[in-house]
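**Student:** Compact mmCIF, C-alpha atoms, file my_file.txt:
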```
# COMPACT_ATOMS: atom_id res chain seq x y z
CA VAL A 18 -5.69 -9.50 -3.21
CA TYR A 19 -3.41 -6.85 -1.73
CA GLN A 20 0.24 -6.84 -2.71
CA PRO A 21 3.14 -5.29 -0.79
CA LEU A 22 5.66 -2.70 -1.88
CA VAL A 23 8.39 -5.09 -0.73
CA THR A 24 8.57 -8.88 -0.50
CA VAL A 25 11.07 -11.15 1.22
CA ASP A 26 12.99 -14.27 0.27
CA GLU A 27 11.27 -16.62 2.70
CA ILE A 28 13.71 -19.48 2.16
CA LYS A 29 16.73 -17.36 2.91
CA GLN A 30 15.05 -15.66 5.85
CA TYR A 31 13.99 -18.83 7.61
CA GLY A 32 16.78 -21.02 6.36
CA THR A 33 19.73 -18.89 7.45
CA GLY A 34 18.36 -16.15 9.68
CA GLU A 35 19.24 -13.50 7.08
CA ILE A 36 16.63 -11.23 5.55
CA ASN A 37 16.78 -10.64 1.83
CA TYR A 38 14.24 -8.02 0.74
CA LEU A 39 12.95 -8.31 -2.81
CA PRO A 40 10.94 -6.00 -5.09
CA GLY A 41 7.16 -6.12 -4.88
CA LEU A 42 5.08 -3.27 -6.26
CA ALA A 43 8.23 -1.23 -5.73
CA GLU A 44 10.63 -2.51 -8.36
CA SER A 45 13.67 -1.00 -6.63
CA TRP A 46 14.72 1.44 -3.94
CA THR A 47 17.70 3.47 -2.82
CA ILE A 48 18.85 4.56 0.62
CA SER A 49 20.47 7.90 1.40
CA PRO A 50 24.07 7.83 2.70
CA ASP A 51 22.91 8.68 6.22
CA GLY A 52 20.44 5.77 6.18
CA THR A 53 17.36 7.89 6.86
CA THR A 54 15.68 8.39 3.47
CA TYR A 55 14.31 5.52 1.38
CA THR A 56 13.28 6.30 -2.18
CA PHE A 57 11.02 3.67 -3.74
CA HIS A 58 10.70 3.37 -7.50
CA LEU A 59 7.29 1.87 -8.24
CA ARG A 60 6.38 -0.49 -11.03
CA GLU A 61 4.58 1.38 -13.79
CA ASN A 62 1.48 0.54 -15.82
CA ILE A 63 -0.09 -1.47 -13.00
CA LYS A 64 -3.79 -1.08 -12.30
CA PHE A 65 -6.02 -2.01 -9.42
CA SER A 66 -8.82 -4.42 -10.28
CA SER A 67 -11.14 -1.36 -10.43
CA GLY A 68 -9.13 -0.04 -13.37
CA ASN A 69 -7.64 2.83 -11.38
CA PRO A 70 -3.85 3.19 -11.73
CA PHE A 71 -1.39 2.24 -9.03
CA ASN A 72 0.93 5.19 -8.50
CA ALA A 73 2.85 7.16 -5.87
CA TYR A 74 -0.17 9.35 -5.18
CA GLN A 75 -2.15 6.27 -4.14
CA VAL A 76 0.68 5.15 -1.84
CA TRP A 77 0.96 8.62 -0.29
CA ALA A 78 -2.76 8.83 0.40
CA GLU A 79 -2.87 5.34 1.89
CA MET A 80 -0.04 6.08 4.30
CA TYR A 81 -1.51 9.32 5.59
CA GLY A 82 -4.95 7.72 5.67
CA PHE A 83 -3.61 5.18 8.16
CA TYR A 84 -2.05 8.02 10.16
CA TYR A 85 -5.39 9.83 10.26
CA LEU A 86 -7.32 6.70 11.31
CA SER A 87 -4.81 6.12 14.14
CA GLY A 88 -5.96 9.41 15.67
CA ASN A 89 -2.66 11.04 14.61
CA SER A 90 -0.68 8.70 16.83
CA SER A 91 3.11 9.20 16.85
CA SER A 92 3.54 5.42 16.51
CA TRP A 93 0.91 4.91 13.80
CA PHE A 94 3.30 2.95 11.59
CA GLU A 95 3.48 -0.65 12.87
CA SER A 96 3.83 0.86 16.39
CA TYR A 97 7.28 2.20 15.46
CA PRO A 98 7.74 5.95 16.20
CA ILE A 99 10.15 6.30 13.30
CA PHE A 100 8.64 9.37 11.60
CA ASP A 101 8.63 13.00 12.67
CA MET A 102 4.95 13.88 12.19
CA SER A 103 5.17 17.37 13.75
CA ASN A 104 4.60 19.17 10.43
CA VAL A 105 1.81 16.88 9.23
CA ASN A 106 -1.74 18.22 9.11
CA PHE A 107 -3.88 15.53 7.53
CA GLY A 108 -7.57 15.57 8.40
CA GLN A 109 -11.09 15.88 7.07
CA SER A 110 -10.33 19.00 5.02
CA THR A 111 -7.37 17.23 3.37
CA ILE A 112 -9.53 14.21 2.58
CA ALA A 113 -12.24 16.44 1.10
CA MET A 114 -9.62 18.12 -1.08
CA LEU A 115 -8.36 14.71 -2.27
CA GLN A 116 -11.91 13.61 -3.05
CA GLU A 117 -12.31 16.66 -5.26
CA SER A 118 -8.85 16.33 -6.81
CA GLY A 119 -8.58 12.59 -7.28
CA LEU A 120 -5.39 10.53 -7.30
CA VAL A 121 -5.16 9.72 -11.01
CA ASN A 122 -4.24 13.23 -12.15
CA PRO A 123 -4.07 15.23 -8.91
CA SER A 124 -4.80 18.94 -8.82
CA GLN A 125 -1.98 21.41 -8.24
CA GLU A 126 -3.21 21.91 -4.68
CA ALA A 127 -2.96 18.17 -4.04
CA LEU A 128 0.45 17.95 -5.70
CA ASN A 129 1.76 20.81 -3.57
CA LEU A 130 0.85 18.82 -0.48
CA MET A 131 2.11 15.46 -1.76
CA THR A 132 5.50 16.89 -2.73
CA ASP A 133 5.99 18.81 0.56
CA GLN A 134 9.34 17.53 1.84
CA SER A 135 8.70 18.86 5.33
CA TRP A 136 6.37 15.87 5.72
CA PRO A 137 8.15 12.52 6.28
CA ILE A 138 6.47 10.78 3.33
CA TYR A 139 6.45 12.68 0.07
CA VAL A 140 6.15 12.13 -3.68
CA THR A 141 8.77 13.16 -6.24
CA SER A 142 7.09 11.73 -9.35
CA PRO A 143 4.04 9.58 -10.19
CA SER A 144 6.26 6.50 -9.78
CA GLU A 145 8.54 7.61 -6.93
CA ILE A 146 7.81 8.01 -3.23
CA ASN A 147 10.15 8.85 -0.35
CA PHE A 148 10.12 7.92 3.33
CA LYS A 149 12.30 10.04 5.62
CA LEU A 150 12.98 8.46 9.01
CA LYS A 151 14.01 10.22 12.22
CA ALA A 152 17.02 7.90 12.48
CA PRO A 153 18.48 4.96 10.54
CA PHE A 154 16.34 1.82 10.77
CA PRO A 155 17.77 -0.93 8.54
CA TRP A 156 14.67 -3.11 8.90
CA PHE A 157 12.41 -0.43 7.43
CA PRO A 158 11.78 -2.28 4.11
CA GLY A 159 10.42 -5.17 6.18
CA THR A 160 7.66 -2.96 7.55
CA LEU A 161 6.31 -2.62 4.01
CA ILE A 162 5.71 -6.36 3.60
CA VAL A 163 2.50 -6.30 5.66
CA PHE A 164 -0.34 -4.00 6.73
CA GLU A 165 0.59 -0.44 5.68
CA GLY A 166 2.74 -1.87 2.90
CA LEU A 167 -0.19 -3.76 1.34
CA MET A 168 -1.55 -1.53 -1.39
CA PHE A 169 -5.24 -0.86 -1.96
CA ASP A 170 -7.11 1.53 -4.25
CA VAL A 171 -7.47 4.75 -2.25
CA GLN A 172 -9.20 6.43 -5.19
CA TRP A 173 -11.96 3.82 -4.85
CA VAL A 174 -12.06 4.51 -1.11
CA LEU A 175 -12.46 8.24 -1.76
CA ASP A 176 -15.22 7.52 -4.29
CA HIS A 177 -17.15 5.49 -1.70
CA GLY A 178 -17.23 7.84 1.27
CA ALA A 179 -13.51 7.91 2.19
CA PHE A 180 -11.94 6.47 5.33
CA GLY A 181 -14.51 7.42 7.94
CA THR A 182 -13.11 8.80 11.21
CA PRO A 183 -10.64 7.56 13.84
CA THR A 184 -13.57 6.57 16.06
CA GLN A 185 -15.82 5.19 13.32
CA PHE A 186 -14.28 3.66 10.22
CA ASN A 187 -16.36 3.61 7.04
CA SER A 188 -18.42 0.43 7.46
CA TYR A 189 -19.17 0.26 3.71
CA PHE A 190 -15.91 -1.62 3.28
CA ASN A 191 -16.93 -4.41 5.67
CA GLN A 192 -18.79 -6.15 2.87
CA ASN A 193 -17.53 -4.24 -0.17
CA ALA A 194 -13.88 -5.13 -0.52
CA ILE A 195 -11.49 -2.39 -1.59
CA PRO A 196 -9.77 -3.31 -4.89
CA GLY A 197 -6.14 -4.42 -4.86
CA THR A 198 -3.53 -5.24 -7.51
CA GLY A 199 -3.18 -8.96 -6.78
CA PRO A 200 -3.97 -12.19 -8.63
CA TYR A 201 -7.28 -12.67 -6.80
CA LEU A 202 -10.44 -10.57 -6.45
CA VAL A 203 -12.92 -10.58 -3.59
CA LYS A 204 -16.14 -11.62 -5.34
CA GLU A 205 -18.44 -12.05 -2.36
CA VAL A 206 -18.41 -11.33 1.36
CA ALA A 207 -20.83 -12.65 3.98
CA GLN A 208 -19.67 -10.93 7.15
CA ASN A 209 -18.65 -13.41 9.87
CA SER A 210 -19.41 -16.27 7.48
CA PHE A 211 -17.16 -16.46 4.39
CA VAL A 212 -15.19 -14.60 1.75
CA LYS A 213 -15.10 -15.80 -1.84
CA PHE A 214 -12.07 -15.07 -4.02
CA GLU A 215 -11.72 -15.51 -7.76
CA GLN A 216 -8.71 -15.18 -10.03
CA ASN A 217 -8.19 -11.76 -11.54
CA PRO A 218 -8.14 -12.18 -15.34
CA ASP A 219 -6.45 -8.80 -15.74
CA TYR A 220 -3.72 -9.41 -13.16
CA TRP A 221 -0.55 -7.58 -14.18
CA GLY A 222 1.60 -10.54 -13.11
CA ASN A 223 0.12 -12.78 -15.79
CA SER A 224 2.90 -11.57 -18.07
CA LEU A 225 5.74 -12.50 -15.69
CA SER A 226 8.09 -15.19 -16.95
CA ALA A 227 8.66 -18.53 -15.25
CA GLU A 228 12.07 -17.30 -14.17
CA GLU A 229 10.61 -14.16 -12.60
CA LEU A 230 7.98 -16.18 -10.75
CA ALA A 231 10.61 -18.62 -9.50
CA GLU A 232 12.49 -15.63 -8.09
CA GLN A 233 9.35 -14.25 -6.43
CA PRO A 234 6.62 -16.89 -5.97
CA VAL A 235 4.45 -14.40 -4.07
CA LEU A 236 3.70 -12.71 -7.42
CA ASP A 237 2.39 -15.95 -8.96
CA PRO A 238 -1.03 -15.64 -10.69
CA GLY A 239 -2.38 -18.62 -8.75
CA HIS A 240 -3.50 -22.07 -9.86
CA VAL A 241 -7.14 -22.38 -8.76
CA LYS A 242 -9.99 -20.28 -10.10
CA THR A 243 -12.03 -19.91 -6.92
CA VAL A 244 -11.14 -19.96 -3.22
CA ILE A 245 -13.65 -19.73 -0.38
CA VAL A 246 -12.44 -19.00 3.14
CA TYR A 247 -14.99 -19.78 5.85
CA TYR A 248 -15.09 -18.09 9.21
CA LYS A 249 -15.25 -20.73 11.96
```
Give the structure from the file, written as structure tokens.
**Tutor:**
Amino acid sequence: VYQPLVTVDEIKQYGTGEINYLPGLAESWTISPDGTTYTFHLRENIKFSSGNPFNAYQVWAEMYGFYYLSGNSSSWFESYPIFDMSNVNFGQSTIAMLQESGLVNPSQEALNLMTDQSWPIYVTSPSEINFKLKAPFPWFPGTLIVFEGLMFDVQWVLDHGAFGTPTQFNSYFNQNAIPGTGPYLVKEVAQNSFVKFEQNPDYWGNSLSAEELAEQPVLDPGHVKTVIVYYK
């Protein structure tokens, strides 16, 4: 359901001990000479299953949403204190502004904030986002394979009451799954009982060639129509 910015060559990782990072929703990235700034170039023309576009504004809002829900913890990102958050002021007023602006065509006020390079994560175009670390961390791409790196539709979140608060997350999402970009959709949720998934007929990866899927099997459209996962 939720796809990462970065994937990994599992065979190489577990077969040789080396880690070979591969493109996910980020089709490529560059690293500054000092090893502290990663610039991710996102795939274009990808939509969440809601129809909302996947773009750098969505990524930006998701990252700072996690920071906010952590209670502004210095180690909000996978427990690694790798970002200088001293200039960041992301709270209820920011979220209210984003709800009014939207993330499809953000207002100038929202863009001014998203492009602020004094914050460690900032946007430079609708398809480009930057992460500035406090110090070189060569395993940084690997942190984007799971959790914060799994992309969901923040516009949909904003349209349905936003994140909630650090002490009380928005419970609407317990049984109303946030849309992702992946090959499966969450069709039904019975909390503490089961989750039903169905193939996404509009999945962007349906157009990938056999060669591309062989290179990155994690992007495969899937081979069963319906999957039910029971909670036991």
**Student:** Compare A:Pro40, A:Glu61, A:Gln185, A:Ala78 by their minimum atom-to-atom distance to A:Glu229, counting only C-alpha atoms, and give me the closest one.
**Tutor:**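 For A:Glu229, the nearest of the candidates is A:Pro40.
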**Student:** Report, in Å with one decimal, the straight-line distance from atom CA of A:Leu120 to atom CA of A:Gln172.
**Tutor:**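 Separation between atom CA of A:Leu120 and atom CA of A:Gln172: 6.0 Å.
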**Student:** Just how far from atom CA of A:Val23 is atom CA of A:Pro155, in Å to one decimal?
**Tutor:**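 Computed distance, atom CA of A:Pro155 to atom CA of A:Val23, equals 13.8 Å.
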**Student:** How many Å separate atom CA of A:Glu79 from atom CA of A:Glu165?
**Tutor:**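 Going from atom CA of A:Glu79 over to atom CA of A:Glu165 covers 7.7 Å.
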**Student:** Would you pick out the contacts of A:Lys242 at 9 Å or less, using all atoms listed in the file, so that residues sharing its chain but fewer than 4 positions from it are not included, and give the list as a list in words?
**Tutor:**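 In the requested format, the answer is Tyr201, Phe214, Glu215, Gln216 and Asn217 of chain A.
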**Student:** I need the residue nearest A:Val105 from this list: A:Phe186, A:Phe65, A:Tyr139, A:Trp156. Use all atoms listed in the file for the distance.
**Tutor:**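 Using all atoms listed in the file, A:Val105 sits closest to A:Tyr139.
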**Student:** Tell me which of A:Leu202, A:Ile48, A:Val174, A:Ile63 sits closest to A:Phe148, counting all atoms listed in the file.
**Tutor:** A:Ile48
**Student:** I'd like the neighbourhood of A:Gly68 as a PyMOL selection string, where a residue qualifies if any of its atoms comes within 10 Å (using all atoms listed in the file), though same-chain residues fewer than 4 positions away should be ignored.
**Tutor:** chain A and resi 63-64+170+173+196+198+219
**Student:** Pick out the residues sitting within 7 Å of A:Thr141, and hand them over as a compact mmCIF listing (two decimals) with C-alpha atoms, in the frame of the given file; count only C-alpha atoms, and ignore anything fewer than 3 positions along from it in its own chain.
**Tutor:**
```txt
# COMPACT_ATOMS: atom_id res chain seq x y z
CA THR A 132 5.50 16.89 -2.73
CA GLU A 145 8.54 7.61 -6.93
CA ILE A 146 7.81 8.01 -3.23
```
**Student:** Could you make a table, as a Markdown table, of the residues of stretch 161-241 of chain A that have an atom within 12 Å of an atom of stretch 107-112 of chain A, each with its nearest atom pair and distance in Å to one decimal, counting only C-alpha atoms, in chain and number order?
**Tutor:**
```
| residue | atom | partner | partner_atom | distance |
| --- | --- | --- | --- | --- |
| A:Val171 | CA | A:Ile112 | CA | 10.8 |
| A:Gln172 | CA | A:Ile112 | CA | 11.0 |
| A:Val174 | CA | A:Ile112 | CA | 10.7 |
| A:Leu175 | CA | A:Ile112 | CA | 7.9 |
| A:Asp176 | CA | A:Ile112 | CA | 11.2 |
| A:Gly178 | CA | A:Ile112 | CA | 10.1 |
| A:Ala179 | CA | A:Ile112 | CA | 7.5 |
| A:Phe180 | CA | A:Ile112 | CA | 8.6 |
| A:Gly181 | CA | A:Gln109 | CA | 9.2 |
| A:Thr182 | CA | A:Gln109 | CA | 8.4 |
| A:Pro183 | CA | A:Gly108 | CA | 10.2 |
```
**Student:** Could you write out as AutoDock Vina command-line options the box around stretch 179-186 of chain A (axis-aligned, all atoms listed in the file, 6 Å on each side), with centre and edge lengths in Å to one decimal?
**Tutor:**
```
--center_x -13.2 --center_y 6.2 --center_z 9.1 --size_x 17.2 --size_y 17.1 --size_z 25.9
```
**Student:** Given the choices A:Tyr84, A:Thr54, A:Pro70, A:Leu236, which gets closest to A:Ser224 if the distance is worked out from all atoms listed in the file?
**Tutor:**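 Comparing A:Tyr84, A:Thr54, A:Pro70, A:Leu236 against A:Ser224, the winner is A:Leu236.
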**Student:** I need the residue nearest A:Met80 from this list: A:Gln208, A:Gln233, A:Asn147, A:Ser49. Use only C-alpha atoms for the distance.
**Tutor:**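 Between A:Gln208, A:Gln233, A:Asn147, A:Ser49, the residue approaching A:Met80 most closely is A:Asn147.
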**Student:** Restricting the calculation to all atoms listed in the file, which member of A:Ala127, A:Val206, A:Ala73, A:Leu115 is positioned closest to A:Ser142?
**Tutor:**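 Once distances to A:Ser142 are computed over all atoms listed in the file, the minimum belongs to A:Ala73.
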